[in-house]
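Trainee: Below is the structure I would like to discuss, written out as structure tokens.
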Amino acid sequence: MAQQTGIIPLVGTLNGINFYYLNGKPIARKAGGGFTKKAIKTKDSMQRVRENANEFGHCSAVNKAFRSALAPFYKGHRFTHFHSRLMGLFTRIKVLDTTHKRGERFVADGIGQAHGLPLLQQFNYTPACDVRQVLPFEFRVSETDLALSITDFDIAQVDFVEGATHMALTYGVLDFDFDSLNYALHLAPPLVLNRSYVGSTVTLEPDTLPSGVGTALCVLGVRFYQEVDGALYVLNAKDSVGIAILKCL
């Protein structure tokens, strides 16, 4: 690549040389040398590119199915960078796959490794509304009926967002197959609490139990509302909806 000299800078291709502007300066460069679709598919030097593209496509498919499975917890709400953050999560989990060679690694096989489920459970899905900070209590999931209970609940300790008068808790067990991407969600009836709630125990029990489709994920969602003239309206602030995976089975 060289900078053009002369009275009139050229733009275009002449005798195998590309003439163009870069950052306001006239540049001359030999034509060709860029990536082509054929080169990416066939050249040995493009092997790493092909490997990355294959695994990226796989993680993208997992991401899409997973977001669809979680949709009941955030329906109508848009998270900032939700897609890209989940791509980062599934990419890290995919790397744990030691069964397959690079370019053929799978999220499902990464999940099956020692650190796979902890990554999935400890990930902060909604940083703007961190469920474990909004609800600073101990979550207990029954081994038998997978019911969620909070026995030290105190509404005064809930971190209500500005303008919120009510909070809705949505709990469910997501049965998700990271291989086939099939899933089933087993929800408990939602629980709506206002700021004057005086109970010290909260229990949410799914109406049905997972049948073994895949990995069972105990998911808790929180959403804030504002009461106006006796009706509840969803708050659309970025910190008004939160999702957390409490346990993986």
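Every chain in the structure tokens takes a letter, A first, then B, and so on in the order presented; its residues are numbered from 1, and the ligands are numbered from 1 following the presented order.
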Hey, could you make a per-residue contact list for segment 104-157 of chain A against segment 76-89 of chain A with 8 Å as the cut-off, showing the nearest pair of atoms and its distance in Å to one decimal, counting only C-alpha atoms, sorted by chain and number, as a Markdown table?
Mentor:
| residue | atom | partner | partner_atom | distance |
| --- | --- | --- | --- | --- |
| A:Leu119 | CA | A:Leu89 | CA | 7.7 |
| A:Leu120 | CA | A:Leu89 | CA | 7.6 |
| A:Phe123 | CA | A:Leu89 | CA | 7.6 |
| A:Tyr125 | CA | A:Phe82 | CA | 7.7 |
| A:Thr126 | CA | A:Phe79 | CA | 7.7 |
Trainee: Pull C-alpha atoms from the residues just selected and write them as a PDB file, in the first residue's frame.
Mentor:
ATOM      1  CA  LEU A 119     -21.021 -21.488  34.326  1.00  0.00           C
ATOM      2  CA  LEU A 120     -24.673 -21.702  33.324  1.00  0.00           C
ATOM      3  CA  PHE A 123     -23.909 -16.333  34.889  1.00  0.00           C
ATOM      4  CA  TYR A 125     -28.264 -12.939  32.845  1.00  0.00           C
ATOM      5  CA  THR A 126     -29.634  -9.486  33.669  1.00  0.00           C
TER       6      THR A 126
END
Trainee: When DSSP works through the backbone of this structure, what residues of segment 80-202 of chain A end up as strand (DSSP E or B), shown as a VMD selection string?
Mentor: chain A and resid 140 to 141 148 to 150 166 to 176 183 to 187 191 to 194 202
Trainee: Figure out the distance between atom CA of Leu204 of chain A and atom CA of Ile155 of chain A, please, to one decimal in Å.
Mentor: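 Rounded to one decimal, the two atoms are 16.2 Å apart.
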Trainee: Return as a tab-separated table the residues of segment 59-114 of chain A lying at most 10 Å from segment 185-193 of chain A, together with the closest atom-to-atom pair for each and the distance in Å to one decimal, counting only C-alpha atoms, with rows in chain order and ascending residue number.
Mentor:
residue	atom	partner	partner_atom	distance
A:Ala69	CA	A:Leu185	CA	7.2
A:Leu70	CA	A:Leu185	CA	8.5
A:Pro72	CA	A:Leu185	CA	9.1
Trainee: Write out the residues from the selection above, keeping C-alpha atoms, as a compact mmCIF listing (two decimals), in the first residue's frame.
Mentor:
# COMPACT_ATOMS: atom_id res chain seq x y z
CA ALA A 69 -37.27 -20.90 26.08
CA LEU A 70 -36.75 -18.04 28.55
CA PRO A 72 -42.06 -16.17 29.28
Trainee: Could you give me, as JSON lines, every segment 64-182 of chain A residue with an atom at most 9 Å from segment 243-248 of chain A, plus its closest atom pair and distance in Å to one decimal, counting only C-alpha atoms, rows ordered by chain then number?
Mentor:
{"residue": "A:Leu70", "atom": "CA", "partner": "A:Ile243", "partner_atom": "CA", "distance": 8.7}
{"residue": "A:Phe73", "atom": "CA", "partner": "A:Ile243", "partner_atom": "CA", "distance": 7.0}
{"residue": "A:Tyr74", "atom": "CA", "partner": "A:Ile243", "partner_atom": "CA", "distance": 8.0}
{"residue": "A:Leu117", "atom": "CA", "partner": "A:Cys248", "partner_atom": "CA", "distance": 6.5}
{"residue": "A:Pro118", "atom": "CA", "partner": "A:Cys248", "partner_atom": "CA", "distance": 8.1}
{"residue": "A:Leu120", "atom": "CA", "partner": "A:Ile245", "partner_atom": "CA", "distance": 7.6}
{"residue": "A:Gln121", "atom": "CA", "partner": "A:Ile245", "partner_atom": "CA", "distance": 5.3}
{"residue": "A:Gln122", "atom": "CA", "partner": "A:Ile245", "partner_atom": "CA", "distance": 7.6}
{"residue": "A:Phe123", "atom": "CA", "partner": "A:Ala244", "partner_atom": "CA", "distance": 8.1}
{"residue": "A:Asn124", "atom": "CA", "partner": "A:Ala244", "partner_atom": "CA", "distance": 7.0}
{"residue": "A:Tyr125", "atom": "CA", "partner": "A:Ile243", "partner_atom": "CA", "distance": 6.1}
{"residue": "A:Thr126", "atom": "CA", "partner": "A:Ile243", "partner_atom": "CA", "distance": 6.0}
{"residue": "A:Cys129", "atom": "CA", "partner": "A:Ile243", "partner_atom": "CA", "distance": 7.9}
{"residue": "A:Asp130", "atom": "CA", "partner": "A:Ile243", "partner_atom": "CA", "distance": 7.5}
{"residue": "A:Val131", "atom": "CA", "partner": "A:Ala244", "partner_atom": "CA", "distance": 6.1}
{"residue": "A:Arg132", "atom": "CA", "partner": "A:Ala244", "partner_atom": "CA", "distance": 7.7}
{"residue": "A:Phe139", "atom": "CA", "partner": "A:Leu246", "partner_atom": "CA", "distance": 7.5}
{"residue": "A:Arg140", "atom": "CA", "partner": "A:Leu246", "partner_atom": "CA", "distance": 8.7}
{"residue": "A:Val141", "atom": "CA", "partner": "A:Lys247", "partner_atom": "CA", "distance": 7.7}
Trainee: For those residues, write N, CA, C and O atoms to a file as a compact mmCIF listing (two decimals), in the first residue's frame.
Mentor:
# COMPACT_ATOMS: atom_id res chain seq x y z
N LEU A 70 -36.65 -18.95 27.40
CA LEU A 70 -36.75 -18.04 28.55
C LEU A 70 -37.76 -16.91 28.32
O LEU A 70 -38.04 -16.14 29.24
N PHE A 73 -40.34 -15.32 30.77
CA PHE A 73 -39.84 -14.56 31.92
C PHE A 73 -39.60 -13.08 31.59
O PHE A 73 -39.44 -12.27 32.51
N TYR A 74 -39.55 -12.74 30.31
CA TYR A 74 -39.27 -11.34 29.96
C TYR A 74 -40.12 -10.85 28.79
O TYR A 74 -39.79 -9.84 28.16
N LEU A 117 -22.14 -26.77 34.03
CA LEU A 117 -23.35 -26.32 34.73
C LEU A 117 -23.08 -25.13 35.65
O LEU A 117 -23.91 -24.22 35.72
N PRO A 118 -21.95 -25.10 36.38
CA PRO A 118 -21.67 -23.91 37.20
C PRO A 118 -21.61 -22.62 36.38
O PRO A 118 -22.09 -21.57 36.83
N LEU A 120 -23.28 -22.00 33.68
CA LEU A 120 -24.67 -21.70 33.32
C LEU A 120 -25.43 -21.12 34.50
O LEU A 120 -26.23 -20.19 34.35
N GLN A 121 -25.18 -21.64 35.70
CA GLN A 121 -25.92 -21.22 36.89
C GLN A 121 -25.41 -19.90 37.44
O GLN A 121 -26.19 -19.07 37.92
N GLN A 122 -24.11 -19.66 37.38
CA GLN A 122 -23.53 -18.47 38.00
C GLN A 122 -23.56 -17.25 37.09
O GLN A 122 -23.31 -16.12 37.54
N PHE A 123 -23.88 -17.45 35.84
CA PHE A 123 -23.91 -16.33 34.89
C PHE A 123 -24.97 -15.31 35.29
O PHE A 123 -26.09 -15.68 35.70
N ASN A 124 -24.61 -14.03 35.20
CA ASN A 124 -25.56 -12.96 35.51
C ASN A 124 -26.31 -12.58 34.23
O ASN A 124 -25.80 -11.84 33.40
N TYR A 125 -27.50 -13.11 34.09
CA TYR A 125 -28.26 -12.94 32.84
C TYR A 125 -28.77 -11.51 32.67
O TYR A 125 -28.91 -11.04 31.54
N THR A 126 -29.08 -10.84 33.75
CA THR A 126 -29.63 -9.49 33.67
C THR A 126 -28.91 -8.57 34.66
O THR A 126 -29.40 -8.30 35.75
N CYS A 129 -30.70 -5.80 36.47
CA CYS A 129 -31.66 -6.23 37.49
C CYS A 129 -31.18 -7.59 37.99
O CYS A 129 -31.71 -8.63 37.60
N ASP A 130 -30.18 -7.56 38.84
CA ASP A 130 -29.58 -8.79 39.38
C ASP A 130 -30.54 -9.39 40.41
O ASP A 130 -30.73 -8.83 41.49
N VAL A 131 -31.14 -10.51 40.08
CA VAL A 131 -32.17 -11.12 40.93
C VAL A 131 -31.66 -11.38 42.34
O VAL A 131 -32.38 -11.16 43.32
N ARG A 132 -30.43 -11.82 42.47
CA ARG A 132 -29.89 -12.15 43.79
C ARG A 132 -29.63 -10.91 44.64
O ARG A 132 -29.51 -11.01 45.85
N PHE A 139 -32.54 -19.00 48.60
CA PHE A 139 -33.48 -19.74 47.75
C PHE A 139 -33.28 -21.24 47.97
O PHE A 139 -32.16 -21.75 47.88
N ARG A 140 -34.37 -21.93 48.25
CA ARG A 140 -34.30 -23.37 48.46
C ARG A 140 -35.21 -24.07 47.45
O ARG A 140 -36.39 -23.72 47.33
N VAL A 141 -34.65 -25.04 46.75
CA VAL A 141 -35.41 -25.81 45.77
C VAL A 141 -35.55 -27.23 46.28
O VAL A 141 -34.56 -27.91 46.56
Trainee: From the list A:Leu169, A:Pro206, A:Arg50, A:Phe176, which residue is nearest Thr144 of chain A when using only C-alpha atoms?
Mentor: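 Closest residue, counting only C-alpha atoms: A:Pro206.
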Trainee: Among segment 23-210 of chain A, which ones does DSSP place in helix (DSSP H, G or I), written as a PyMOL selection string?
Mentor: chain A and resi 37-42+44-73+82-95+107-111+116-122+127-129+131-134+155-157
Trainee: Given the choices A:Thr215, A:Thr151, A:Ser240, A:Gln226, which gets closest to Ala108 of chain A if the distance is worked out from only C-alpha atoms?
Mentor: A:Thr215
Trainee: Considering only C-alpha atoms, state which residue in the set A:Val202, A:Cys59, A:Leu96, A:Val134 is at the smallest distance from Phe224 of chain A.
Mentor: A:Val134
Trainee: Tell me, as number ranges by chain, which residues lie within 7 Å of Leu174 of chain A, counting only C-alpha atoms; anything in the same chain fewer than 3 positions away does not count.
Mentor: A: 184-186, 216-219
Trainee: In Å, with one decimal, what is the gap from atom CA of Gly110 of chain A to atom CA of Asp175 of chain A?
Mentor: 17.2 Å
Trainee: What is the atom CA of Ala147 of chain A-atom CA of Asp207 of chain A distance in Å, reported with one decimal?
Mentor: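 Straight-line distance from atom CA of Ala147 of chain A to atom CA of Asp207 of chain A works out to 9.6 Å.
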Trainee: Near Glu162 of chain A, within 10 Å and counting only C-alpha atoms, which residues show up once chain neighbours fewer than 2 positions away are dropped, as number ranges by chain?
Mentor: A: 159-160, 164-165, 224, 226, 235, 237, 239-240
Trainee: For all heavy atoms, I'd like the residues from the last selection saved as a PDB file, in the first residue's frame.
Mentor:
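Saved the output as selection_12.pdb:
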ATOM      1  N   ASP A 159     -35.266  -4.802  46.726  1.00  0.00           N
ATOM      2  CA  ASP A 159     -34.779  -3.591  46.069  1.00  0.00           C
ATOM      3  C   ASP A 159     -35.735  -3.199  44.939  1.00  0.00           C
ATOM      4  O   ASP A 159     -35.490  -3.462  43.763  1.00  0.00           O
ATOM      5  CB  ASP A 159     -33.367  -3.827  45.528  1.00  0.00           C
ATOM      6  CG  ASP A 159     -32.739  -2.552  44.991  1.00  0.00           C
ATOM      7  OD1 ASP A 159     -33.273  -1.459  45.258  1.00  0.00           O
ATOM      8  OD2 ASP A 159     -31.695  -2.658  44.304  1.00  0.00           O
ATOM      9  N   PHE A 160     -36.844  -2.563  45.317  1.00  0.00           N
ATOM     10  CA  PHE A 160     -37.830  -2.114  44.340  1.00  0.00           C
ATOM     11  C   PHE A 160     -37.230  -1.033  43.440  1.00  0.00           C
ATOM     12  O   PHE A 160     -36.497  -0.164  43.913  1.00  0.00           O
ATOM     13  CB  PHE A 160     -39.056  -1.541  45.045  1.00  0.00           C
ATOM     14  CG  PHE A 160     -40.088  -2.561  45.429  1.00  0.00           C
ATOM     15  CD1 PHE A 160     -39.923  -3.349  46.570  1.00  0.00           C
ATOM     16  CD2 PHE A 160     -41.225  -2.758  44.656  1.00  0.00           C
ATOM     17  CE1 PHE A 160     -40.865  -4.287  46.930  1.00  0.00           C
ATOM     18  CE2 PHE A 160     -42.176  -3.701  45.005  1.00  0.00           C
ATOM     19  CZ  PHE A 160     -42.005  -4.472  46.148  1.00  0.00           C
ATOM     20  N   ALA A 164     -42.039   1.655  41.284  1.00  0.00           N
ATOM     21  CA  ALA A 164     -42.741   0.369  41.370  1.00  0.00           C
ATOM     22  C   ALA A 164     -43.561   0.270  42.648  1.00  0.00           C
ATOM     23  O   ALA A 164     -43.116   0.667  43.721  1.00  0.00           O
ATOM     24  CB  ALA A 164     -41.750  -0.777  41.306  1.00  0.00           C
ATOM     25  N   THR A 165     -44.767  -0.268  42.509  1.00  0.00           N
ATOM     26  CA  THR A 165     -45.631  -0.513  43.674  1.00  0.00           C
ATOM     27  C   THR A 165     -45.816  -2.009  43.906  1.00  0.00           C
ATOM     28  O   THR A 165     -46.173  -2.430  45.005  1.00  0.00           O
ATOM     29  CB  THR A 165     -47.012   0.123  43.472  1.00  0.00           C
ATOM     30  OG1 THR A 165     -47.624  -0.431  42.288  1.00  0.00           O
ATOM     31  CG2 THR A 165     -46.903   1.635  43.317  1.00  0.00           C
ATOM     32  N   PHE A 224     -41.244  -5.744  37.786  1.00  0.00           N
ATOM     33  CA  PHE A 224     -41.861  -4.700  38.593  1.00  0.00           C
ATOM     34  C   PHE A 224     -42.990  -3.994  37.845  1.00  0.00           C
ATOM     35  O   PHE A 224     -42.928  -3.802  36.622  1.00  0.00           O
ATOM     36  CB  PHE A 224     -40.813  -3.684  39.032  1.00  0.00           C
ATOM     37  CG  PHE A 224     -39.835  -4.241  40.042  1.00  0.00           C
ATOM     38  CD1 PHE A 224     -38.590  -4.698  39.649  1.00  0.00           C
ATOM     39  CD2 PHE A 224     -40.179  -4.328  41.377  1.00  0.00           C
ATOM     40  CE1 PHE A 224     -37.697  -5.217  40.564  1.00  0.00           C
ATOM     41  CE2 PHE A 224     -39.303  -4.845  42.315  1.00  0.00           C
ATOM     42  CZ  PHE A 224     -38.062  -5.295  41.901  1.00  0.00           C
ATOM     43  N   GLN A 226     -46.313  -0.866  38.295  1.00  0.00           N
ATOM     44  CA  GLN A 226     -46.818   0.314  38.990  1.00  0.00           C
ATOM     45  C   GLN A 226     -48.339   0.303  38.932  1.00  0.00           C
ATOM     46  O   GLN A 226     -48.923   0.087  37.876  1.00  0.00           O
ATOM     47  CB  GLN A 226     -46.292   1.591  38.342  1.00  0.00           C
ATOM     48  CG  GLN A 226     -46.709   2.862  39.072  1.00  0.00           C
ATOM     49  CD  GLN A 226     -46.139   4.114  38.406  1.00  0.00           C
ATOM     50  OE1 GLN A 226     -46.568   4.498  37.320  1.00  0.00           O
ATOM     51  NE2 GLN A 226     -45.169   4.734  39.058  1.00  0.00           N
ATOM     52  N   LEU A 235     -43.507  -1.784  34.166  1.00  0.00           N
ATOM     53  CA  LEU A 235     -42.464  -0.773  34.050  1.00  0.00           C
ATOM     54  C   LEU A 235     -41.455  -1.244  33.005  1.00  0.00           C
ATOM     55  O   LEU A 235     -41.040  -2.406  33.017  1.00  0.00           O
ATOM     56  CB  LEU A 235     -41.779  -0.558  35.399  1.00  0.00           C
ATOM     57  CG  LEU A 235     -42.638   0.087  36.489  1.00  0.00           C
ATOM     58  CD1 LEU A 235     -41.863   0.187  37.801  1.00  0.00           C
ATOM     59  CD2 LEU A 235     -43.095   1.473  36.055  1.00  0.00           C
ATOM     60  N   ALA A 237     -38.390   0.173  32.436  1.00  0.00           N
ATOM     61  CA  ALA A 237     -37.014   0.585  32.695  1.00  0.00           C
ATOM     62  C   ALA A 237     -36.081  -0.615  32.545  1.00  0.00           C
ATOM     63  O   ALA A 237     -36.488  -1.765  32.700  1.00  0.00           O
ATOM     64  CB  ALA A 237     -36.902   1.167  34.099  1.00  0.00           C
ATOM     65  N   ASP A 239     -33.943  -1.767  34.444  1.00  0.00           N
ATOM     66  CA  ASP A 239     -33.738  -2.538  35.671  1.00  0.00           C
ATOM     67  C   ASP A 239     -35.046  -3.097  36.236  1.00  0.00           C
ATOM     68  O   ASP A 239     -35.120  -3.453  37.402  1.00  0.00           O
ATOM     69  CB  ASP A 239     -33.042  -1.673  36.731  1.00  0.00           C
ATOM     70  CG  ASP A 239     -33.821  -0.390  37.052  1.00  0.00           C
ATOM     71  OD1 ASP A 239     -34.790  -0.083  36.340  1.00  0.00           O
ATOM     72  OD2 ASP A 239     -33.444   0.295  38.024  1.00  0.00           O
ATOM     73  N   SER A 240     -36.084  -3.190  35.395  1.00  0.00           N
ATOM     74  CA  SER A 240     -37.395  -3.610  35.901  1.00  0.00           C
ATOM     75  C   SER A 240     -37.662  -5.103  35.683  1.00  0.00           C
ATOM     76  O   SER A 240     -38.684  -5.617  36.142  1.00  0.00           O
ATOM     77  CB  SER A 240     -38.505  -2.791  35.225  1.00  0.00           C
ATOM     78  OG  SER A 240     -38.539  -3.039  33.829  1.00  0.00           O
TER      79      SER A 240
END
